[in-house]
There are 2 protein chains.
Amino acid sequence: MHDTLTIALDAMGGDHGIQTVMPGADLALVRNPDIHLLIYGDEVAIAAELEKYPRVKAAATIIHTDVAIAMDAQPSQALRQGRKTSSMWQAIDAVKKNEANAAVSAGNTGALMAMAKVILKSAPNVGRPAIAVIWPTTRGESIVLDVGANMGPDAKQLVSFAVMGRAMSRVIFGLPEPTIGLLNIGQEEIKGLDEVKQAAQMLRESAMPIAYYGFVEGNDIGAGTVDVVVTEGFSGNIALKTAEGTANQITQYLKLAMRRSLMARIGYFFAKGAFNALREKLDPRAANGGVFLGLNGIVVKSHGGTDAKGFASAIDLAINMAREDLVAKITTDLEAYYTASDDLPEQKVSIS
Amino acid sequence: MHDTLTIALDAMGGDHGIQTVMPGADLALVRNPDIHLLIYGDEVAIAAELEKYPRVKAAATIIHTDVAIAMDAQPSQALRQGRKTSSMWQAIDAVKKNEANAAVSAGNTGALMAMAKVILKSAPNVGRPAIAVIWPTTRGESIVLDVGANMGPDAKQLVSFAVMGRAMSRVIFGLPEPTIGLLNIGQEEIKGLDEVKQAAQMLRESAMPIAYYGFVEGNDIGAGTVDVVVTEGFSGNIALKTAEGTANQITQYLKLAMRRSLMARIGYFFAKGAFNALREKLDPRAANGGVFLGLNGIVVKSHGGTDAKGFASAIDLAINMAREDLVAKITTDLEAYYTASDDLPEQKVSIS
């Protein structure tokens, strides 16, 4: 299996389902012609669409599934209705059965995480899995986790997120020793939540080499102050959505400003190329995909509302991590962290 | 006292102290010629600066203080060193003694909040005070609280923040019934932290008329989905700083894009007016100032790094709230809320 990578796709997820998954797979195949695809979903609908994409047809095996998980399904409901029978379940299950190296779905996050946990289970030494995203910054790109899998701070969790985010950063960006920051509401050591301060102490005293930077604040994320920003899922999700909202807001201001006068419209005409470059920079599709970290297998969640380009980015991300065997690296790193840390009684950690 | 409003200014706070406070006071007096100022700080330094601002000289009483609270002082340290003797303490104390209707300081937030709590004490039915900010949105402006006074969610706290934010919105924006949203990580009723869900239930079942909208997400803040966004201080602070960071990031992208080619530079020349309008829209100085809500008196915290224009906005905000007697309105509203809610055993609330 490891010579040619196989990626399992849930064709029924996302706002546009097959209409996005097929052209997305096509784009991903242009960039990665040597991969094999397992596509799960309604075979009649897929077959009709497949005629338009001969490249996908040649590289894919279609597996019919009867059930599609609704975008607004509750996780418990999705588990009841979609267990074994749904495209989402089967795509993840292909990873569990070693038939695929990673699964990609644009389906609803709660259902996808719930199924991924049931099927793949948490990796050793991981309390709970996290969702990591790649965040564009003024200095490049950083990894931010958790953006919504777990709520409420827990020092041990935050430390395992740091170790997982570090492994992902090494794999995705090839950084030998990425810097790690803990998201907090002030840079001073005495500020912030107790659990965050406790995690800071554990990271500072880590026997494993971790480039722990210290606390960072919300504005440090976009500034790219550190390579990996670690936080619990409630504030991480709020940070992510607030950044999206602010970007939308400014884009809207900009559009209005450029329409307001004849001079501005002339200016826009000349600066069009520059505006397009800006749009590209702000394009959420370029870095589309949340990665589930801490499971015994790779699952990438694509944005539900994305288009072919965005879905292709999510597939790229899955390929990248599967090729570098991120799951094995995380397991090794976490084991190394806890083995080393066991010698230091002050920060001895038990993972529940 | 209530015919002419008196505002107490801490002249020693902020990154630039007197250099910002004096021209800021001057600007505020242009817009509000009928106010009186009490200016606390080093009288020699103030006197020298006062010669440049005859308007301020005519409208102000200068009170000499020996101690200035450092911008990086810990709250406990500030309380020890600055008790009674500092410009910050005395400006707040003027509100307590009814010599001023409100106090404004650009000094450090932690020290200011610690002193304000000691001097003014929490208002009746308020568990803990909150910091509220005015957030520019695509629809206008919203109020967001708490942005950093209290950490960790607590249902009763969130409800009192909602009542206080509502009162502030009515006073500042004159909205008869502002809509209230609870910041959460999903709009579905089953998602999110238990304390946030509990607060939602209390607000939904409130006997007092509250236009409770439901849960909102990070992107709803900038979209202006609701008039008042309620959250606990950790995530509120992270949202605020993340939005600032994203705005900085996009401004930087835009500058780079506009410099990249000759065409873009020509475009910028024509669109300059539009760009200036955009800059104005994004100007953090226009809505500068965090308001401490829930104390027996009005304290406005100006951004430490602001300039005269920003400090003047903070004074404007203080005047606005003092004129409308926001403190009395909050007290009345909270009393009404809890009196009405006492009849409903399910949501009976005790404030510690």
# chains A, B, ... in the order shown; residues from 1 in each chain; ligands from 1
>>> interface_residues(of="chain A", to="chain B", cutoff="6 Å", atoms="only C-alpha atoms", output="JSON, numbers by chain")
{"A": [138, 218, 219, 222, 235, 238, 239, 241, 242, 243, 245, 246, 249, 257, 263, 264, 267, 268, 270, 271, 274]}
>>> write_last_selection(atoms="N, CA and C atoms", output="short mmCIF file (atom, residue, chain, number, x, y, z; two decimals), in the first residue's frame")
data_model
loop_
_atom_site.label_atom_id
_atom_site.label_comp_id
_atom_site.auth_asym_id
_atom_site.auth_seq_id
_atom_site.Cartn_x
_atom_site.Cartn_y
_atom_site.Cartn_z
N THR A 138 1.49 36.81 8.35
CA THR A 138 2.31 37.76 7.58
C THR A 138 3.71 37.18 7.34
N GLY A 218 -3.93 36.77 20.94
CA GLY A 218 -4.68 36.61 19.70
C GLY A 218 -4.01 37.26 18.49
N ASN A 219 -3.44 38.45 18.68
CA ASN A 219 -2.84 39.15 17.54
C ASN A 219 -1.54 38.50 17.07
N GLY A 222 -1.94 35.89 13.64
CA GLY A 222 -1.78 36.43 12.29
C GLY A 222 -0.39 37.00 12.03
N SER A 235 -11.83 28.53 22.75
CA SER A 235 -11.20 29.79 22.34
C SER A 235 -10.55 29.66 20.97
N ILE A 238 -13.26 30.12 18.43
CA ILE A 238 -13.69 31.52 18.40
C ILE A 238 -12.64 32.38 17.70
N ALA A 239 -11.36 32.10 17.95
CA ALA A 239 -10.29 32.85 17.27
C ALA A 239 -10.38 32.64 15.76
N LYS A 241 -12.95 31.65 13.84
CA LYS A 241 -14.14 32.26 13.24
C LYS A 241 -14.07 33.78 13.28
N THR A 242 -13.47 34.33 14.33
CA THR A 242 -13.36 35.79 14.42
C THR A 242 -12.42 36.31 13.33
N ALA A 243 -11.33 35.59 13.09
CA ALA A 243 -10.41 35.99 12.03
C ALA A 243 -11.11 35.94 10.67
N GLY A 245 -14.28 36.24 10.13
CA GLY A 245 -15.25 37.33 10.12
C GLY A 245 -14.58 38.67 9.84
N THR A 246 -13.43 38.89 10.44
CA THR A 246 -12.72 40.16 10.25
C THR A 246 -12.23 40.28 8.80
N GLN A 249 -15.15 41.13 6.68
CA GLN A 249 -15.55 42.51 6.96
C GLN A 249 -14.66 43.49 6.20
N ALA A 257 -15.38 50.78 -0.69
CA ALA A 257 -14.52 51.95 -0.87
C ALA A 257 -14.13 52.11 -2.34
N MET A 263 -12.81 58.22 -9.33
CA MET A 263 -11.36 58.12 -9.11
C MET A 263 -10.99 56.74 -8.55
N ALA A 264 -11.78 56.30 -7.60
CA ALA A 264 -11.49 55.00 -6.98
C ALA A 264 -11.67 53.88 -7.99
N GLY A 267 -8.74 53.88 -10.19
CA GLY A 267 -7.64 53.30 -9.41
C GLY A 267 -7.74 51.79 -9.37
N TYR A 268 -8.97 51.32 -9.17
CA TYR A 268 -9.17 49.87 -9.09
C TYR A 268 -8.78 49.20 -10.40
N PHE A 270 -6.49 50.10 -12.52
CA PHE A 270 -5.03 49.96 -12.63
C PHE A 270 -4.48 48.96 -11.62
N ALA A 271 -5.09 48.89 -10.47
CA ALA A 271 -4.53 48.07 -9.40
C ALA A 271 -5.13 46.67 -9.37
N ALA A 274 -2.96 43.74 -8.51
CA ALA A 274 -2.58 43.73 -7.10
C ALA A 274 -3.74 43.24 -6.23
#
>>> select_by_dssp(residues="segment 140-241 of chain A", states="strand (DSSP E)", output="JSON list (two decimals) with N, CA and C atoms, in the first residue's frame")
[["chain", "number", "residue", "atom", "x", "y", "z"],
["A", 140, "GLY", "N", 4.19, 33.75, 6.86],
["A", 140, "GLY", "CA", 4.07, 32.49, 6.14],
["A", 140, "GLY", "C", 2.82, 31.74, 6.58],
["A", 141, "GLU", "N", 3.02, 30.61, 7.20],
["A", 141, "GLU", "CA", 1.88, 29.85, 7.69],
["A", 141, "GLU", "C", 2.22, 29.25, 9.05],
["A", 142, "SER", "N", 1.22, 29.22, 9.93],
["A", 142, "SER", "CA", 1.39, 28.57, 11.23],
["A", 142, "SER", "C", 0.32, 27.50, 11.39],
["A", 143, "ILE", "N", 0.52, 26.64, 12.40],
["A", 143, "ILE", "CA", -0.50, 25.64, 12.72],
["A", 143, "ILE", "C", -1.18, 26.08, 14.01],
["A", 144, "VAL", "N", -2.49, 26.02, 14.04],
["A", 144, "VAL", "CA", -3.25, 26.38, 15.23],
["A", 144, "VAL", "C", -4.11, 25.19, 15.62],
["A", 145, "LEU", "N", -4.04, 24.77, 16.88],
["A", 145, "LEU", "CA", -4.90, 23.71, 17.39],
["A", 145, "LEU", "C", -5.15, 23.91, 18.88],
["A", 179, "THR", "N", 8.70, 26.61, 16.66],
["A", 179, "THR", "CA", 8.43, 27.26, 17.95],
["A", 179, "THR", "C", 6.97, 27.07, 18.33],
["A", 180, "ILE", "N", 6.76, 26.88, 19.63],
["A", 180, "ILE", "CA", 5.42, 26.57, 20.15],
["A", 180, "ILE", "C", 4.99, 27.68, 21.10],
["A", 181, "GLY", "N", 3.79, 28.22, 20.92],
["A", 181, "GLY", "CA", 3.25, 29.22, 21.84],
["A", 181, "GLY", "C", 1.92, 28.76, 22.41],
["A", 182, "LEU", "N", 1.67, 29.14, 23.65],
["A", 182, "LEU", "CA", 0.37, 28.85, 24.27],
["A", 182, "LEU", "C", -0.48, 30.10, 24.21],
["A", 183, "LEU", "N", -1.68, 29.98, 23.66],
["A", 183, "LEU", "CA", -2.55, 31.14, 23.52],
["A", 183, "LEU", "C", -3.08, 31.54, 24.91],
["A", 211, "ALA", "N", 10.87, 23.69, 21.36],
["A", 211, "ALA", "CA", 11.16, 25.13, 21.31],
["A", 211, "ALA", "C", 9.96, 25.89, 21.83],
["A", 212, "TYR", "N", 9.78, 25.85, 23.16],
["A", 212, "TYR", "CA", 8.64, 26.54, 23.76],
["A", 212, "TYR", "C", 8.92, 28.03, 23.85],
["A", 213, "TYR", "N", 8.07, 28.82, 23.20],
["A", 213, "TYR", "CA", 8.28, 30.26, 23.10],
["A", 213, "TYR", "C", 7.73, 31.00, 24.32],
["A", 214, "GLY", "N", 6.59, 30.56, 24.80],
["A", 214, "GLY", "CA", 5.90, 31.24, 25.90],
["A", 214, "GLY", "C", 4.46, 31.50, 25.52],
["A", 215, "PHE", "N", 3.83, 32.42, 26.24],
["A", 215, "PHE", "CA", 2.45, 32.78, 25.92],
["A", 215, "PHE", "C", 2.40, 33.66, 24.68],
["A", 216, "VAL", "N", 1.37, 33.47, 23.89],
["A", 216, "VAL", "CA", 1.10, 34.40, 22.80],
["A", 216, "VAL", "C", -0.34, 34.89, 22.94],
["A", 228, "VAL", "N", 3.60, 27.15, 15.93],
["A", 228, "VAL", "CA", 2.46, 26.36, 16.39],
["A", 228, "VAL", "C", 1.79, 27.08, 17.55],
["A", 229, "VAL", "N", 0.50, 27.37, 17.40],
["A", 229, "VAL", "CA", -0.26, 28.02, 18.46],
["A", 229, "VAL", "C", -1.17, 26.98, 19.10],
["A", 230, "VAL", "N", -1.03, 26.81, 20.41],
["A", 230, "VAL", "CA", -1.78, 25.78, 21.12],
["A", 230, "VAL", "C", -2.84, 26.41, 22.01]]
>>> residues_around(residues="Ala308 of chain A", least_positions_apart="4", cutoff="10 Å", atoms="only C-alpha atoms", output="list in words")
His16, Gln19, Thr20, Val21, Met22, Pro23, Gly24, Ala25, Asp26, Leu27, Ala28, Arg285, Ala312, Ser313 and Ala314 of chain A
>>> closest_residue(among="B:Asp146, B:Leu112, B:Thr225, B:Val133", to="Ala73 of chain B", atoms="only C-alpha atoms")
B:Leu112
>>> residues_around(residues="Gly289 of chain A", least_positions_apart="3", cutoff="10 Å", atoms="only C-alpha atoms", output="list in words")
Val104, Ser105, Ala106, Ile131, Ala132, Val133, Ile134, Pro284, Arg285, Ala286, Phe292, Val299, Val300, Lys301, Ser302, His303, Gly304, Thr306, Gly310, Phe311, Ala312, Ser313, Ala314, Ile315, Asp316, Leu317 and Ala318 of chain A
>>> decode(residues="segment 199-327 of chain A", atoms="C-alpha atoms", output="short mmCIF file (atom, residue, chain, number, x, y, z; two decimals), in the first residue's frame")
data_model
loop_
_atom_site.label_atom_id
_atom_site.label_comp_id
_atom_site.auth_asym_id
_atom_site.auth_seq_id
_atom_site.Cartn_x
_atom_site.Cartn_y
_atom_site.Cartn_z
CA ALA A 199 0.85 23.62 30.67
CA ALA A 200 3.46 26.37 30.25
CA GLN A 201 5.43 24.97 33.16
CA MET A 202 5.26 21.46 31.75
CA LEU A 203 6.49 22.66 28.35
CA ARG A 204 9.27 24.78 29.84
CA GLU A 205 10.52 21.87 31.90
CA SER A 206 10.13 19.28 29.14
CA ALA A 207 13.05 16.87 28.90
CA MET A 208 12.26 16.40 25.23
CA PRO A 209 13.63 19.25 23.11
CA ILE A 210 10.66 21.54 22.47
CA ALA A 211 11.16 25.13 21.31
CA TYR A 212 8.64 26.54 23.76
CA TYR A 213 8.28 30.26 23.10
CA GLY A 214 5.90 31.24 25.90
CA PHE A 215 2.45 32.78 25.92
CA VAL A 216 1.10 34.40 22.80
CA GLU A 217 -1.99 36.58 22.36
CA GLY A 218 -4.68 36.61 19.70
CA ASN A 219 -2.84 39.15 17.54
CA ASP A 220 0.27 36.96 17.51
CA ILE A 221 -1.52 34.30 15.45
CA GLY A 222 -1.78 36.43 12.29
CA ALA A 223 1.63 37.97 12.95
CA GLY A 224 3.19 34.49 12.80
CA THR A 225 5.01 34.98 16.11
CA VAL A 226 5.27 31.20 16.58
CA ASP A 227 5.01 28.20 14.25
CA VAL A 228 2.46 26.36 16.39
CA VAL A 229 -0.26 28.02 18.46
CA VAL A 230 -1.78 25.78 21.12
CA THR A 231 -5.14 26.41 22.78
CA GLU A 232 -8.27 24.60 23.88
CA GLY A 233 -11.08 24.17 21.39
CA PHE A 234 -13.53 26.80 22.62
CA SER A 235 -11.20 29.79 22.34
CA GLY A 236 -9.44 28.26 19.32
CA ASN A 237 -12.69 27.99 17.42
CA ILE A 238 -13.69 31.52 18.40
CA ALA A 239 -10.29 32.85 17.27
CA LEU A 240 -10.61 31.06 13.91
CA LYS A 241 -14.14 32.26 13.24
CA THR A 242 -13.36 35.79 14.42
CA ALA A 243 -10.41 35.99 12.03
CA GLU A 244 -12.62 34.77 9.17
CA GLY A 245 -15.25 37.33 10.12
CA THR A 246 -12.72 40.16 10.25
CA ALA A 247 -11.28 39.20 6.86
CA ASN A 248 -14.79 39.18 5.35
CA GLN A 249 -15.55 42.51 6.96
CA ILE A 250 -12.44 44.20 5.59
CA THR A 251 -12.96 42.72 2.12
CA GLN A 252 -16.45 44.18 2.16
CA TYR A 253 -15.17 47.62 3.30
CA LEU A 254 -12.60 47.50 0.54
CA LYS A 255 -15.16 46.67 -2.15
CA LEU A 256 -17.41 49.50 -1.01
CA ALA A 257 -14.52 51.95 -0.87
CA MET A 258 -13.41 51.03 -4.40
CA ARG A 259 -16.90 51.60 -5.80
CA ARG A 260 -17.52 54.90 -4.08
CA SER A 261 -16.06 57.37 -6.62
CA LEU A 262 -14.97 57.55 -10.24
CA MET A 263 -11.36 58.12 -9.11
CA ALA A 264 -11.49 55.00 -6.98
CA ARG A 265 -12.92 52.99 -9.86
CA ILE A 266 -10.12 54.19 -12.14
CA GLY A 267 -7.64 53.30 -9.41
CA TYR A 268 -9.17 49.87 -9.09
CA PHE A 269 -8.77 49.34 -12.83
CA PHE A 270 -5.03 49.96 -12.63
CA ALA A 271 -4.53 48.07 -9.40
CA LYS A 272 -6.62 45.08 -10.42
CA GLY A 273 -3.62 42.74 -10.59
CA ALA A 274 -2.58 43.73 -7.10
CA PHE A 275 -6.11 43.21 -5.81
CA ASN A 276 -6.18 39.76 -7.35
CA ALA A 277 -2.89 38.94 -5.61
CA LEU A 278 -4.43 40.10 -2.35
CA ARG A 279 -7.52 37.99 -2.94
CA GLU A 280 -5.31 34.96 -3.51
CA LYS A 281 -3.51 35.66 -0.24
CA LEU A 282 -6.81 35.81 1.62
CA ASP A 283 -8.30 32.85 -0.22
CA PRO A 284 -9.49 30.39 2.42
CA ARG A 285 -9.48 27.63 -0.20
CA ALA A 286 -5.71 27.66 -0.50
CA ALA A 287 -5.27 26.31 3.02
CA ASN A 288 -8.54 24.43 3.28
CA GLY A 289 -8.82 21.60 5.71
CA GLY A 290 -8.78 20.86 9.39
CA VAL A 291 -6.63 17.92 10.36
CA PHE A 292 -7.75 15.52 13.08
CA LEU A 293 -4.65 14.87 15.17
CA GLY A 294 -4.27 12.16 17.79
CA LEU A 295 -6.16 9.33 16.13
CA ASN A 296 -4.78 6.04 14.83
CA GLY A 297 -5.14 7.30 11.27
CA ILE A 298 -5.34 10.49 9.23
CA VAL A 299 -8.65 12.24 8.66
CA VAL A 300 -8.88 15.63 6.97
CA LYS A 301 -12.00 17.73 7.25
CA SER A 302 -12.53 20.04 4.29
CA HIS A 303 -14.63 23.18 4.69
CA GLY A 304 -18.27 22.29 3.96
CA GLY A 305 -18.83 25.25 1.68
CA THR A 306 -15.63 24.88 -0.30
CA ASP A 307 -15.28 24.41 -4.06
CA ALA A 308 -13.11 22.08 -6.18
CA LYS A 309 -9.95 24.08 -5.50
CA GLY A 310 -10.49 23.94 -1.77
CA PHE A 311 -11.32 20.25 -1.75
CA ALA A 312 -8.16 19.57 -3.78
CA SER A 313 -6.13 21.43 -1.11
CA ALA A 314 -7.63 19.19 1.55
CA ILE A 315 -6.62 16.10 -0.47
CA ASP A 316 -3.10 17.56 -0.87
CA LEU A 317 -2.85 17.95 2.87
CA ALA A 318 -3.94 14.34 3.43
CA ILE A 319 -1.37 13.11 0.90
CA ASN A 320 1.38 15.17 2.49
CA MET A 321 0.72 13.78 5.94
CA ALA A 322 0.22 10.20 4.78
CA ARG A 323 3.46 10.29 2.80
CA GLU A 324 5.39 11.41 5.88
CA ASP A 325 3.54 9.00 8.15
CA LEU A 326 2.46 11.69 10.59
CA VAL A 327 0.56 9.25 12.80
#
